[in-house]
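Chemist: I am sharing query_3.tsv, which consists of TSV, C-alpha atoms:
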chain	number	residue	atom	x	y	z
S	1	MET	CA	-11.69	-22.08	4.73
S	2	PRO	CA	-14.29	-20.31	2.59
S	3	GLN	CA	-14.39	-16.58	3.12
S	4	THR	CA	-17.50	-15.44	4.94
S	5	GLU	CA	-19.54	-12.68	3.41
S	6	THR	CA	-20.04	-9.81	5.82
S	7	PRO	CA	-21.17	-6.30	4.96
S	8	GLY	CA	-18.27	-4.05	4.14
S	9	THR	CA	-15.94	-6.93	3.23
S	10	GLU	CA	-18.22	-9.28	1.30
S	11	VAL	CA	-16.87	-11.10	-1.72
S	12	SER	CA	-19.15	-11.72	-4.67
S	13	PRO	CA	-18.59	-12.65	-8.32
S	14	ARG	CA	-19.54	-9.10	-9.27
S	15	ALA	CA	-16.90	-7.70	-6.90
S	16	ARG	CA	-14.22	-9.77	-8.62
S	17	ILE	CA	-14.48	-7.62	-11.74
S	18	ARG	CA	-11.06	-6.07	-12.18
S	19	LEU	CA	-11.05	-2.42	-11.18
S	20	ARG	CA	-8.94	0.27	-12.82
S	21	TRP	CA	-7.22	3.11	-11.03
S	22	TRP	CA	-8.28	5.65	-13.65
S	23	THR	CA	-11.93	4.99	-12.78
S	24	GLU	CA	-11.43	4.67	-9.01
S	25	LEU	CA	-9.35	7.82	-8.49
S	26	PRO	CA	-11.90	10.25	-10.00
S	27	LEU	CA	-14.66	8.57	-7.97
S	28	ILE	CA	-12.78	8.99	-4.71
S	29	MET	CA	-11.83	12.57	-5.59
S	30	LEU	CA	-15.47	13.34	-6.38
S	31	VAL	CA	-16.65	11.98	-3.03
S	32	TYR	CA	-13.98	13.90	-1.16
S	33	ALA	CA	-14.82	17.09	-3.09
S	34	CYS	CA	-18.48	16.70	-2.12
S	35	TYR	CA	-17.43	16.09	1.48
S	36	SER	CA	-15.24	19.20	1.56
S	37	ALA	CA	-17.80	21.37	-0.24
S	38	GLY	CA	-20.54	20.18	2.10
S	39	ARG	CA	-18.43	21.10	5.12
S	40	LEU	CA	-18.10	24.62	3.77
S	41	LEU	CA	-21.76	25.01	2.82
S	42	ALA	CA	-23.01	23.65	6.16
S	43	ARG	CA	-21.29	26.20	8.37
S	44	GLY	CA	-24.42	27.11	10.29
S	45	ASP	CA	-24.62	30.12	12.55
S	46	VAL	CA	-22.16	30.37	15.42
S	47	SER	CA	-24.78	30.69	18.16
S	48	SER	CA	-26.45	27.39	17.20
S	49	ALA	CA	-23.08	25.64	16.99
S	50	VAL	CA	-22.12	26.92	20.45
S	51	ASP	CA	-25.47	25.85	21.88
S	52	HIS	CA	-25.03	22.34	20.46
S	53	GLY	CA	-21.50	22.12	21.83
S	54	LEU	CA	-22.57	23.20	25.30
S	55	ALA	CA	-25.46	20.75	25.25
S	56	ILE	CA	-23.05	17.89	24.49
S	57	LEU	CA	-20.67	19.05	27.22
S	58	ARG	CA	-23.47	19.25	29.81
S	59	ALA	CA	-24.69	15.78	28.84
S	60	GLU	CA	-21.20	14.37	29.31
S	61	GLN	CA	-20.77	16.10	32.65
S	62	PHE	CA	-24.11	14.76	33.81
S	63	LEU	CA	-23.02	11.25	32.82
S	64	HIS	CA	-19.48	11.82	34.18
S	65	ILE	CA	-17.90	10.88	30.86
S	66	ASN	CA	-16.27	14.19	29.91
S	67	ALA	CA	-12.88	12.57	29.28
S	68	GLU	CA	-11.76	15.45	27.06
S	69	HIS	CA	-11.15	17.70	30.09
S	70	PRO	CA	-8.33	15.69	31.75
S	71	LEU	CA	-6.83	14.75	28.37
S	72	ASN	CA	-6.74	18.37	27.24
S	73	ARG	CA	-5.07	19.46	30.48
S	74	LEU	CA	-2.45	16.74	30.02
S	75	PHE	CA	-1.72	17.65	26.39
S	76	THR	CA	-1.56	21.35	27.29
S	77	ARG	CA	0.86	20.79	30.16
S	78	GLU	CA	3.13	18.23	28.46
S	79	ALA	CA	4.48	19.47	25.13
S	80	TRP	CA	6.04	16.08	24.38
S	81	LEU	CA	2.45	14.77	24.17
S	82	GLY	CA	0.69	17.84	22.81
S	83	VAL	CA	2.97	18.50	19.83
S	84	PRO	CA	2.89	14.93	18.41
S	85	ALA	CA	-0.86	14.87	19.01
S	86	ASP	CA	-1.28	18.03	16.92
S	87	PHE	CA	0.78	16.53	14.11
S	88	TRP	CA	-1.31	13.35	14.38
S	89	TYR	CA	-4.56	15.29	14.14
S	90	ALA	CA	-3.40	17.53	11.29
S	91	SER	CA	-1.91	14.87	9.02
S	92	LEU	CA	-2.66	11.19	9.62
S	93	HIS	CA	-6.34	11.60	8.81
S	94	TYR	CA	-5.32	12.53	5.25
S	95	LEU	CA	-2.40	10.11	4.88
S	96	VAL	CA	-3.34	6.78	6.47
S	97	THR	CA	-6.81	6.47	4.94
S	98	PRO	CA	-5.65	6.94	1.31
S	99	ALA	CA	-2.70	4.63	2.01
S	100	ILE	CA	-5.06	1.87	3.19
S	101	LEU	CA	-7.26	2.39	0.13
S	102	ILE	CA	-4.27	2.08	-2.21
S	103	TRP	CA	-3.02	-0.99	-0.36
S	104	LEU	CA	-6.42	-2.70	-0.67
S	105	PHE	CA	-6.71	-1.74	-4.33
S	106	ARG	CA	-3.31	-3.21	-5.17
S	107	THR	CA	-3.37	-6.35	-3.05
S	108	ARG	CA	-6.98	-7.08	-1.99
S	109	GLN	CA	-9.17	-6.21	-4.95
S	110	GLU	CA	-11.67	-8.90	-3.96
S	111	ILE	CA	-12.68	-6.84	-0.92
S	112	TYR	CA	-11.61	-3.36	-2.04
S	113	ARG	CA	-14.91	-2.44	-3.68
S	114	ALA	CA	-17.03	-3.25	-0.63
S	115	ALA	CA	-14.55	-1.54	1.71
S	116	ARG	CA	-14.46	1.58	-0.44
S	117	THR	CA	-18.24	1.73	-0.60
S	118	TRP	CA	-18.46	1.39	3.19
S	119	LEU	CA	-16.07	4.30	3.68
S	120	MET	CA	-17.83	6.55	1.16
S	121	THR	CA	-21.30	5.79	2.47
S	122	SER	CA	-20.24	6.62	6.02
S	123	THR	CA	-18.60	9.84	4.83
S	124	PHE	CA	-21.84	11.03	3.25
S	125	ILE	CA	-23.73	10.18	6.44
S	126	GLY	CA	-21.21	12.26	8.37
S	127	LEU	CA	-21.80	15.12	5.96
S	128	ILE	CA	-25.51	14.97	6.81
S	129	GLY	CA	-24.58	15.21	10.48
S	130	PHE	CA	-22.44	18.30	9.85
S	131	THR	CA	-25.36	19.90	8.01
S	132	LEU	CA	-28.06	19.14	10.57
S	133	LEU	CA	-26.02	19.60	13.73
S	134	PRO	CA	-23.25	22.21	13.45
S	135	THR	CA	-21.28	21.85	16.68
S	136	CYS	CA	-18.71	24.09	18.31
S	137	PRO	CA	-15.68	21.99	19.30
S	138	PRO	CA	-14.33	22.30	22.86
S	139	ARG	CA	-11.36	24.45	21.76
S	140	LEU	CA	-13.70	27.20	20.51
S	141	LEU	CA	-15.81	27.45	23.65
S	142	ALA	CA	-15.30	30.37	26.00
S	143	GLY	CA	-12.23	30.08	28.23
S	144	GLY	CA	-14.36	29.58	31.30
S	145	HIS	CA	-15.21	26.05	30.19
S	146	GLY	CA	-11.63	24.93	30.81
S	147	PHE	CA	-10.36	24.01	27.36
S	148	VAL	CA	-7.14	25.10	25.63
S	149	ASP	CA	-6.65	24.96	21.86
S	150	THR	CA	-3.42	22.97	21.70
S	151	MET	CA	-3.07	23.57	17.97
S	152	ALA	CA	-2.99	27.30	18.64
S	153	GLN	CA	-0.65	26.80	21.60
S	154	TYR	CA	1.83	24.72	19.59
S	155	SER	CA	1.26	26.32	16.17
S	156	SER	CA	4.91	27.39	15.99
S	157	TYR	CA	5.88	23.71	15.75
S	158	GLY	CA	3.84	22.93	12.63
S	159	TRP	CA	2.33	24.30	9.46
S	160	TRP	CA	-1.12	24.93	10.92
S	161	GLY	CA	-2.39	28.24	12.25
S	162	ALA	CA	-4.59	29.18	15.17
S	163	GLU	CA	-7.87	28.74	13.28
S	164	ALA	CA	-7.81	25.04	12.41
S	165	SER	CA	-5.58	22.17	11.31
S	166	ALA	CA	-5.37	23.69	7.82
S	167	PRO	CA	-2.12	25.39	6.74
S	168	ARG	CA	-1.63	28.97	7.96
S	169	GLY	CA	-3.82	31.43	6.15
S	170	MET	CA	-6.25	28.74	4.96
S	171	GLY	CA	-8.25	28.28	8.15
S	172	GLY	CA	-11.12	30.23	6.63
S	173	MET	CA	-11.55	27.48	4.01
S	174	THR	CA	-12.52	24.93	6.64
S	175	ASN	CA	-15.72	24.49	8.61
S	176	GLN	CA	-14.60	24.56	12.22
S	177	TYR	CA	-18.10	23.62	13.39
S	178	ALA	CA	-18.11	20.23	11.63
S	179	ALA	CA	-17.42	18.35	14.85
S	180	MET	CA	-20.40	16.00	15.17
S	181	PRO	CA	-19.74	13.22	14.24
S	182	SER	CA	-15.96	12.86	14.36
S	183	LEU	CA	-14.88	11.42	11.03
S	184	HIS	CA	-11.31	11.48	12.30
S	185	VAL	CA	-12.41	8.66	14.60
S	186	GLY	CA	-14.72	7.11	12.01
S	187	TRP	CA	-12.08	6.89	9.29
S	188	ALA	CA	-9.51	5.64	11.82
S	189	LEU	CA	-11.93	2.88	12.82
S	190	TRP	CA	-12.33	1.90	9.15
S	191	CYS	CA	-8.54	1.75	8.77
S	192	GLY	CA	-8.27	-0.33	11.93
S	193	VAL	CA	-10.85	-2.86	10.72
S	194	MET	CA	-9.05	-3.21	7.39
S	195	LEU	CA	-5.70	-3.77	9.09
S	196	TRP	CA	-7.15	-6.22	11.61
S	197	ARG	CA	-9.01	-8.32	9.04
S	198	HIS	CA	-6.62	-8.19	6.11
S	199	GLY	CA	-3.23	-7.15	7.47
S	200	GLY	CA	-2.10	-10.75	7.79
S	201	SER	CA	0.41	-10.23	10.60
S	202	ARG	CA	0.39	-9.53	14.33
S	203	PRO	CA	1.97	-6.07	13.99
S	204	ALA	CA	-0.71	-5.12	11.47
S	205	LYS	CA	-3.45	-6.32	13.80
S	206	ALA	CA	-1.90	-4.45	16.72
S	207	LEU	CA	-1.77	-1.30	14.60
S	208	GLY	CA	-5.38	-1.89	13.62
S	209	VAL	CA	-6.37	-1.75	17.29
S	210	ALA	CA	-4.03	1.07	18.33
S	211	TYR	CA	-4.70	3.51	15.50
S	212	PRO	CA	-8.42	4.21	16.16
S	213	LEU	CA	-7.94	4.20	19.94
S	214	LEU	CA	-5.05	6.67	19.80
S	215	THR	CA	-6.95	8.82	17.32
S	216	ALA	CA	-9.87	9.04	19.75
S	217	LEU	CA	-7.50	10.18	22.50
S	218	VAL	CA	-5.87	12.72	20.17
S	219	VAL	CA	-9.10	14.36	19.01
S	220	MET	CA	-10.21	14.81	22.64
S	221	GLY	CA	-6.83	15.80	24.04
S	222	THR	CA	-6.38	18.52	21.40
S	223	ALA	CA	-9.89	19.81	22.24
S	224	ASN	CA	-11.12	19.25	18.70
S	225	HIS	CA	-13.90	16.83	19.64
S	226	TYR	CA	-16.04	15.70	22.55
S	227	LEU	CA	-16.22	12.09	23.62
S	228	LEU	CA	-19.75	11.90	22.20
S	229	ASP	CA	-18.40	13.13	18.85
S	230	ALA	CA	-16.11	10.10	18.81
S	231	VAL	CA	-19.00	7.83	19.77
S	232	ALA	CA	-21.07	9.33	16.94
S	233	GLY	CA	-18.19	8.71	14.53
S	234	VAL	CA	-18.25	5.01	15.46
S	235	ALA	CA	-22.04	4.93	15.07
S	236	VAL	CA	-21.84	6.53	11.62
S	237	MET	CA	-19.40	3.84	10.50
S	238	GLY	CA	-21.78	1.21	11.81
S	239	VAL	CA	-24.70	2.61	9.84
S	240	GLY	CA	-22.49	2.93	6.77
S	241	LEU	CA	-21.48	-0.71	7.16
S	242	LEU	CA	-25.13	-1.77	7.11
S	243	LEU	CA	-26.04	0.43	4.14
S	244	ALA	CA	-23.00	-0.32	1.99
S	245	PRO	CA	-24.40	-3.53	0.38
S	246	TYR	CA	-27.56	-1.68	-0.65
S	247	VAL	CA	-25.52	1.18	-2.09
S	248	THR	CA	-23.46	-1.34	-4.05
S	249	ARG	CA	-26.57	-3.01	-5.48
S	250	ALA	CA	-28.07	0.34	-6.42
S	251	ALA	CA	-24.86	1.35	-8.20
S	252	GLU	CA	-24.77	-1.98	-10.05
S	253	LEU	CA	-28.40	-1.53	-11.13
S	254	VAL	CA	-27.72	1.94	-12.49
S	255	THR	CA	-24.62	0.69	-14.32
S	256	ALA	CA	-26.50	-2.27	-15.79
S	257	ARG	CA	-29.31	-0.06	-17.07
S	258	ALA	CA	-26.85	2.41	-18.57
S	259	THR	CA	-24.98	-0.41	-20.29
S	260	ALA	CA	-28.19	-1.97	-21.60
S	261	SER	CA	-29.38	1.32	-23.11
S	262	ALA	CA	-26.07	1.98	-24.90
S	263	PRO	CA	-25.96	0.79	-28.57
S	264	VAL	CA	-23.54	-2.06	-29.15
S	265	VAL	CA	-22.18	-2.73	-32.66
S	266	ALA	CA	-20.08	-5.83	-33.05
S	267	ALA	CA	-17.15	-5.69	-35.43
S	268	GLY	CA	-17.94	-7.30	-38.78
S	269	SER	CA	-21.63	-7.77	-37.91
S	270	ARG	CA	-24.50	-6.92	-40.23
S	271	ASP	CA	-27.84	-5.45	-39.23
S	272	ALA	CA	-31.12	-6.45	-40.83
S	273	GLY	CA	-30.88	-4.20	-43.87
S	274	SER	CA	-27.30	-3.31	-44.58
S	275	ALA	CA	-23.66	-4.16	-44.11
S	276	VAL	CA	-20.85	-1.84	-43.12
S	277	VAL	CA	-17.97	-1.86	-45.59
S	278	SER	CA	-14.63	-0.11	-45.92
S	279	GLY	CA	-14.74	3.68	-45.77
S	280	GLY	CA	-17.96	3.74	-43.78
S	281	CYS	CA	-20.15	3.04	-46.86
S	282	GLN	CA	-23.21	0.83	-46.60
S	283	THR	CA	-24.65	-1.52	-49.20
S	284	SER	CA	-27.99	-3.26	-49.45
S	285	PRO	CA	-28.10	-7.04	-49.09
S	286	GLY	CA	-26.49	-8.74	-52.11
S	287	GLU	CA	-25.15	-5.49	-53.55
S	288	ARG	CA	-21.47	-5.17	-54.37
S	289	ILE	CA	-19.38	-2.03	-54.18
S	290	PRO	CA	-18.38	-0.46	-57.56
S	291	ARG	CA	-14.83	-1.84	-57.57
S	292	GLN	CA	-16.21	-5.33	-57.08
S	293	ARG	CA	-18.59	-4.81	-60.04
S	294	GLU	CA	-15.81	-3.43	-62.22
S	295	SER	CA	-13.60	-6.36	-61.32
S	296	ARG	CA	-16.31	-8.81	-62.35
S	297	LEU	CA	-16.92	-6.96	-65.66
S	298	ALA	CA	-13.20	-6.87	-66.43
S	299	SER	CA	-12.78	-10.53	-65.76
S	300	ALA	CA	-15.78	-11.30	-67.95
S	301	ALA	CA	-14.29	-9.27	-70.85
S	302	GLU	CA	-10.93	-11.09	-70.78
S	303	PRO	CA	-10.45	-13.85	-73.44
S	304	ASP	CA	-10.38	-17.39	-72.32
S	305	VAL	CA	-6.92	-18.74	-71.58
S	306	SER	CA	-6.05	-22.24	-72.60
S	307	PRO	CA	-4.55	-24.66	-70.13
S	308	THR	CA	-1.25	-24.57	-72.03
S	309	ASP	CA	-0.98	-20.78	-71.86
S	310	ALA	CA	-1.88	-20.87	-68.21
S	311	GLY	CA	0.90	-23.36	-67.50
S	312	GLU	CA	3.45	-21.25	-69.36
S	313	GLY	CA	2.35	-18.13	-67.48
S	314	ALA	CA	2.70	-19.91	-64.15
S	315	ALA	CA	6.18	-21.10	-65.03
S	316	ALA	CA	7.25	-17.59	-66.01
S	317	ALA	CA	5.93	-16.19	-62.76
S	318	ALA	CA	7.90	-18.84	-60.86
S	319	ARG	CA	11.13	-17.65	-62.50
Kindly transcribe the structure held in the file into structure tokens.
Modeler:
Amino acid sequence: MPQTETPGTEVSPRARIRLRWWTELPLIMLVYACYSAGRLLARGDVSSAVDHGLAILRAEQFLHINAEHPLNRLFTREAWLGVPADFWYASLHYLVTPAILIWLFRTRQEIYRAARTWLMTSTFIGLIGFTLLPTCPPRLLAGGHGFVDTMAQYSSYGWWGAEASAPRGMGGMTNQYAAMPSLHVGWALWCGVMLWRHGGSRPAKALGVAYPLLTALVVMGTANHYLLDAVAGVAVMGVGLLLAPYVTRAAELVTARATASAPVVAAGSRDAGSAVVSGGCQTSPGERIPRQRESRLASAAEPDVSPTDAGEGAAAAAR
């Protein structure tokens, strides 16, 4: 069956150009560096972040969808759930997504480029959300709101401290108010779609469904995100999916213009007025380099050789 072209996984002749890891890795690192730097720059003031968090919580309570409350109580009470959930939140976000990217790059290059562009576009949209709407996560609200920071409660089990999922002593390097949207959920959804569509086996498809769903439960149960944060993460991935083809075309246009403006000199070619010769020297049309002229003069000065002498010389050379 011919492969259908859908945004985010479309296959085009341009996408079949072989990609190289030494060009892809710096690009991904640059995007992630911008994402991390933007999180730090868009800290916002604490009062606004708390106001936004409380507004989200009140909206959920009004709609009776504040699922993070019962989940957080469960994870706080049952360590056998809370500890694995903290490890999940602190690590899989940074392990599974790069692993899926590497897998696609090595085995599915025909869809890798579109998938990578979808992920990066959505990440930048999420960065805009962090900037415009700094949000206090449930775990940082006052105790009267009924949330417990499970990562602080179970910090003795892992490498993280009480401030964030970062290693102890490095919590100040993170933006704890970058909660809306939840890119933990967004990236997990991207991984799930890749596994479902291109995993090629039932276990891979099952993992593709389970991973984003479990991630959504984890981010709420650990009191790191509201339900609406998770919904916003899904929405961001949807918008990124729609914009990814346009981003790809824009990048191709920029690359084509840059390539067209670069001078191209073919090996052994001659331009209109000169030719490139050994040593980087140039000659005008019809002109010979000095050694060529000397060779012609020397050959002209030599006496003529008779056919007999030439035959004898050839025979001597053969001996």
Chemist: In Å, rounded to a single decimal, give me how far atom CA of Trp103 of chain S is from atom CA of Gly199 of chain S.
Modeler: 10.0 Å
Chemist: Give the answer as one residue: which of S:Ala142, S:Leu133, S:Leu127, S:Leu183 has the shortest atom-to-atom distance to Ala235 of chain S, using only C-alpha atoms?
Modeler: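 Ranking S:Ala142, S:Leu133, S:Leu127, S:Leu183 by distance to Ala235 of chain S, first place goes to S:Leu183.
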Chemist: Given the choices S:Val96, S:Val254, S:Leu228, S:Met237, which gets closest to Thr123 of chain S if the distance is worked out from only C-alpha atoms?
Modeler: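 When distances to Thr123 of chain S are compared using only C-alpha atoms, the smallest one comes from S:Met237.
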Chemist: So the first atom is atom CA of His52 of chain S and the second is atom CA of Cys136 of chain S; what is the distance between them in Å, to one decimal place?
Modeler: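 Computing it gives 6.9 Å between the two atoms.
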Chemist: Mind giving me the straight-line distance from atom CA of Tyr94 of chain S to atom CA of Trp80 of chain S in Å, one decimal?
Modeler: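 Atom CA of Tyr94 of chain S sits 22.5 Å away from atom CA of Trp80 of chain S.
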Chemist: Just want the 12 Å neighbourhood of Asp229 of chain S, counted on only C-alpha atoms, with same-chain residues fewer than 2 positions away dropped. Output as a PyMOL selection string.
Modeler: chain S and resi 52-53+56-57+60+66-68+126+129-130+133-138+177-186+216-217+219-220+223-227+231-236
Chemist: Just the residues within 12 Å of Leu92 of chain S, please, counting only C-alpha atoms, with nothing from its chain fewer than 5 positions along; format it as a list of chain:residue names.
Modeler: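 Here the answer would be S:Pro84, S:Ala85, S:Asp86, S:Phe87, S:Thr97, S:Pro98, S:Ala99, S:Ile100, S:Ser165, S:His184, S:Val185, S:Trp187, S:Ala188, S:Cys191, S:Tyr211, S:Pro212, S:Leu214, S:Thr215, S:Val218, S:Val219.
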Chemist: Rank nothing, just name the residue among S:Ile125, S:Ala55, S:Leu63, S:His198 nearest to Thr107 of chain S, using all atoms listed in the file.
Modeler: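 Looking only at the distances to Thr107 of chain S, the closest residue turns out to be S:His198.
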Chemist: Quick one: of S:Leu71, S:Val50, S:Leu140, S:Met29, who's nearest to Ala152 of chain S, counting only C-alpha atoms?
Modeler: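 Comparing S:Leu71, S:Val50, S:Leu140, S:Met29 against Ala152 of chain S, the winner is S:Leu140.
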Chemist: For Trp88 of chain S, which of S:Arg257, S:Ser201, S:Met151, S:Glu252 is the closest residue, counting only C-alpha atoms?
Modeler: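 Selected residue with least distance to Trp88 of chain S: S:Met151.
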Chemist: Between S:His145, S:His64, S:His93, S:Arg139, single out the one closest to Gly221 of chain S, counting all atoms listed in the file.
Modeler: S:Arg139
Chemist: Would you fill the gaps in segment 68-98 of chain S so it has N, CA and C atoms, then print it as a PDB file, in the frame of the given file?
Modeler:
ATOM      1  N   GLU S  68     -12.580  14.478  27.778  1.00  0.00           N
ATOM      2  CA  GLU S  68     -11.760  15.450  27.060  1.00  0.00           C
ATOM      3  C   GLU S  68     -11.121  16.478  28.004  1.00  0.00           C
ATOM      4  N   HIS S  69     -11.719  16.732  29.146  1.00  0.00           N
ATOM      5  CA  HIS S  69     -11.150  17.700  30.090  1.00  0.00           C
ATOM      6  C   HIS S  69      -9.773  17.261  30.618  1.00  0.00           C
ATOM      7  N   PRO S  70      -9.655  16.096  31.247  1.00  0.00           N
ATOM      8  CA  PRO S  70      -8.330  15.690  31.750  1.00  0.00           C
ATOM      9  C   PRO S  70      -7.311  15.471  30.631  1.00  0.00           C
ATOM     10  N   LEU S  71      -7.753  14.955  29.495  1.00  0.00           N
ATOM     11  CA  LEU S  71      -6.830  14.750  28.370  1.00  0.00           C
ATOM     12  C   LEU S  71      -6.305  16.087  27.853  1.00  0.00           C
ATOM     13  N   ASN S  72      -7.176  17.071  27.737  1.00  0.00           N
ATOM     14  CA  ASN S  72      -6.740  18.370  27.240  1.00  0.00           C
ATOM     15  C   ASN S  72      -5.769  19.042  28.210  1.00  0.00           C
ATOM     16  N   ARG S  73      -6.003  18.893  29.507  1.00  0.00           N
ATOM     17  CA  ARG S  73      -5.070  19.460  30.480  1.00  0.00           C
ATOM     18  C   ARG S  73      -3.699  18.790  30.381  1.00  0.00           C
ATOM     19  N   LEU S  74      -3.710  17.475  30.149  1.00  0.00           N
ATOM     20  CA  LEU S  74      -2.450  16.740  30.020  1.00  0.00           C
ATOM     21  C   LEU S  74      -1.688  17.175  28.770  1.00  0.00           C
ATOM     22  N   PHE S  75      -2.380  17.273  27.637  1.00  0.00           N
ATOM     23  CA  PHE S  75      -1.720  17.650  26.390  1.00  0.00           C
ATOM     24  C   PHE S  75      -1.249  19.103  26.429  1.00  0.00           C
ATOM     25  N   THR S  76      -1.959  19.939  27.178  1.00  0.00           N
ATOM     26  CA  THR S  76      -1.560  21.350  27.290  1.00  0.00           C
ATOM     27  C   THR S  76      -0.320  21.494  28.162  1.00  0.00           C
ATOM     28  N   ARG S  77      -0.249  20.690  29.209  1.00  0.00           N
ATOM     29  CA  ARG S  77       0.860  20.790  30.160  1.00  0.00           C
ATOM     30  C   ARG S  77       2.130  20.119  29.631  1.00  0.00           C
ATOM     31  N   GLU S  78       1.973  19.008  28.916  1.00  0.00           N
ATOM     32  CA  GLU S  78       3.130  18.230  28.460  1.00  0.00           C
ATOM     33  C   GLU S  78       3.290  18.399  26.940  1.00  0.00           C
ATOM     34  N   ALA S  79       4.272  19.216  26.564  1.00  0.00           N
ATOM     35  CA  ALA S  79       4.480  19.470  25.130  1.00  0.00           C
ATOM     36  C   ALA S  79       4.891  18.215  24.386  1.00  0.00           C
ATOM     37  N   TRP S  80       5.601  17.304  25.058  1.00  0.00           N
ATOM     38  CA  TRP S  80       6.040  16.080  24.380  1.00  0.00           C
ATOM     39  C   TRP S  80       4.849  15.187  23.987  1.00  0.00           C
ATOM     40  N   LEU S  81       3.694  15.432  24.579  1.00  0.00           N
ATOM     41  CA  LEU S  81       2.450  14.770  24.170  1.00  0.00           C
ATOM     42  C   LEU S  81       1.623  15.654  23.239  1.00  0.00           C
ATOM     43  N   GLY S  82       1.543  16.938  23.569  1.00  0.00           N
ATOM     44  CA  GLY S  82       0.690  17.840  22.810  1.00  0.00           C
ATOM     45  C   GLY S  82       1.159  18.069  21.384  1.00  0.00           C
ATOM     46  N   VAL S  83       2.464  18.234  21.182  1.00  0.00           N
ATOM     47  CA  VAL S  83       2.970  18.500  19.830  1.00  0.00           C
ATOM     48  C   VAL S  83       2.772  17.299  18.902  1.00  0.00           C
ATOM     49  N   PRO S  84       3.190  16.082  19.283  1.00  0.00           N
ATOM     50  CA  PRO S  84       2.890  14.930  18.410  1.00  0.00           C
ATOM     51  C   PRO S  84       1.403  14.733  18.169  1.00  0.00           C
ATOM     52  N   ALA S  85       0.587  15.015  19.186  1.00  0.00           N
ATOM     53  CA  ALA S  85      -0.860  14.870  19.010  1.00  0.00           C
ATOM     54  C   ALA S  85      -1.387  15.835  17.957  1.00  0.00           C
ATOM     55  N   ASP S  86      -0.856  17.060  17.935  1.00  0.00           N
ATOM     56  CA  ASP S  86      -1.280  18.030  16.920  1.00  0.00           C
ATOM     57  C   ASP S  86      -0.868  17.580  15.521  1.00  0.00           C
ATOM     58  N   PHE S  87       0.353  17.057  15.408  1.00  0.00           N
ATOM     59  CA  PHE S  87       0.780  16.530  14.110  1.00  0.00           C
ATOM     60  C   PHE S  87      -0.100  15.353  13.693  1.00  0.00           C
ATOM     61  N   TRP S  88      -0.435  14.500  14.648  1.00  0.00           N
ATOM     62  CA  TRP S  88      -1.310  13.350  14.380  1.00  0.00           C
ATOM     63  C   TRP S  88      -2.647  13.840  13.838  1.00  0.00           C
ATOM     64  N   TYR S  89      -3.243  14.794  14.545  1.00  0.00           N
ATOM     65  CA  TYR S  89      -4.560  15.290  14.140  1.00  0.00           C
ATOM     66  C   TYR S  89      -4.518  15.979  12.778  1.00  0.00           C
ATOM     67  N   ALA S  90      -3.458  16.720  12.508  1.00  0.00           N
ATOM     68  CA  ALA S  90      -3.400  17.530  11.290  1.00  0.00           C
ATOM     69  C   ALA S  90      -3.023  16.744  10.057  1.00  0.00           C
ATOM     70  N   SER S  91      -2.449  15.547  10.207  1.00  0.00           N
ATOM     71  CA  SER S  91      -1.910  14.870   9.020  1.00  0.00           C
ATOM     72  C   SER S  91      -2.390  13.447   8.801  1.00  0.00           C
ATOM     73  N   LEU S  92      -2.416  12.623   9.843  1.00  0.00           N
ATOM     74  CA  LEU S  92      -2.660  11.190   9.620  1.00  0.00           C
ATOM     75  C   LEU S  92      -4.027  10.912   9.023  1.00  0.00           C
ATOM     76  N   HIS S  93      -4.995  11.729   9.366  1.00  0.00           N
ATOM     77  CA  HIS S  93      -6.340  11.600   8.810  1.00  0.00           C
ATOM     78  C   HIS S  93      -6.300  11.591   7.277  1.00  0.00           C
ATOM     79  N   TYR S  94      -5.399  12.371   6.704  1.00  0.00           N
ATOM     80  CA  TYR S  94      -5.320  12.530   5.250  1.00  0.00           C
ATOM     81  C   TYR S  94      -4.250  11.660   4.609  1.00  0.00           C
ATOM     82  N   LEU S  95      -3.468  10.947   5.415  1.00  0.00           N
ATOM     83  CA  LEU S  95      -2.400  10.110   4.880  1.00  0.00           C
ATOM     84  C   LEU S  95      -2.715   8.618   5.022  1.00  0.00           C
ATOM     85  N   VAL S  96      -3.139   8.203   6.206  1.00  0.00           N
ATOM     86  CA  VAL S  96      -3.340   6.780   6.470  1.00  0.00           C
ATOM     87  C   VAL S  96      -4.522   6.232   5.670  1.00  0.00           C
ATOM     88  N   THR S  97      -5.617   6.972   5.646  1.00  0.00           N
ATOM     89  CA  THR S  97      -6.810   6.470   4.940  1.00  0.00           C
ATOM     90  C   THR S  97      -6.548   6.258   3.459  1.00  0.00           C
ATOM     91  N   PRO S  98      -5.985   7.220   2.714  1.00  0.00           N
ATOM     92  CA  PRO S  98      -5.650   6.940   1.310  1.00  0.00           C
ATOM     93  C   PRO S  98      -4.640   5.805   1.150  1.00  0.00           C
TER      94      PRO S  98
END
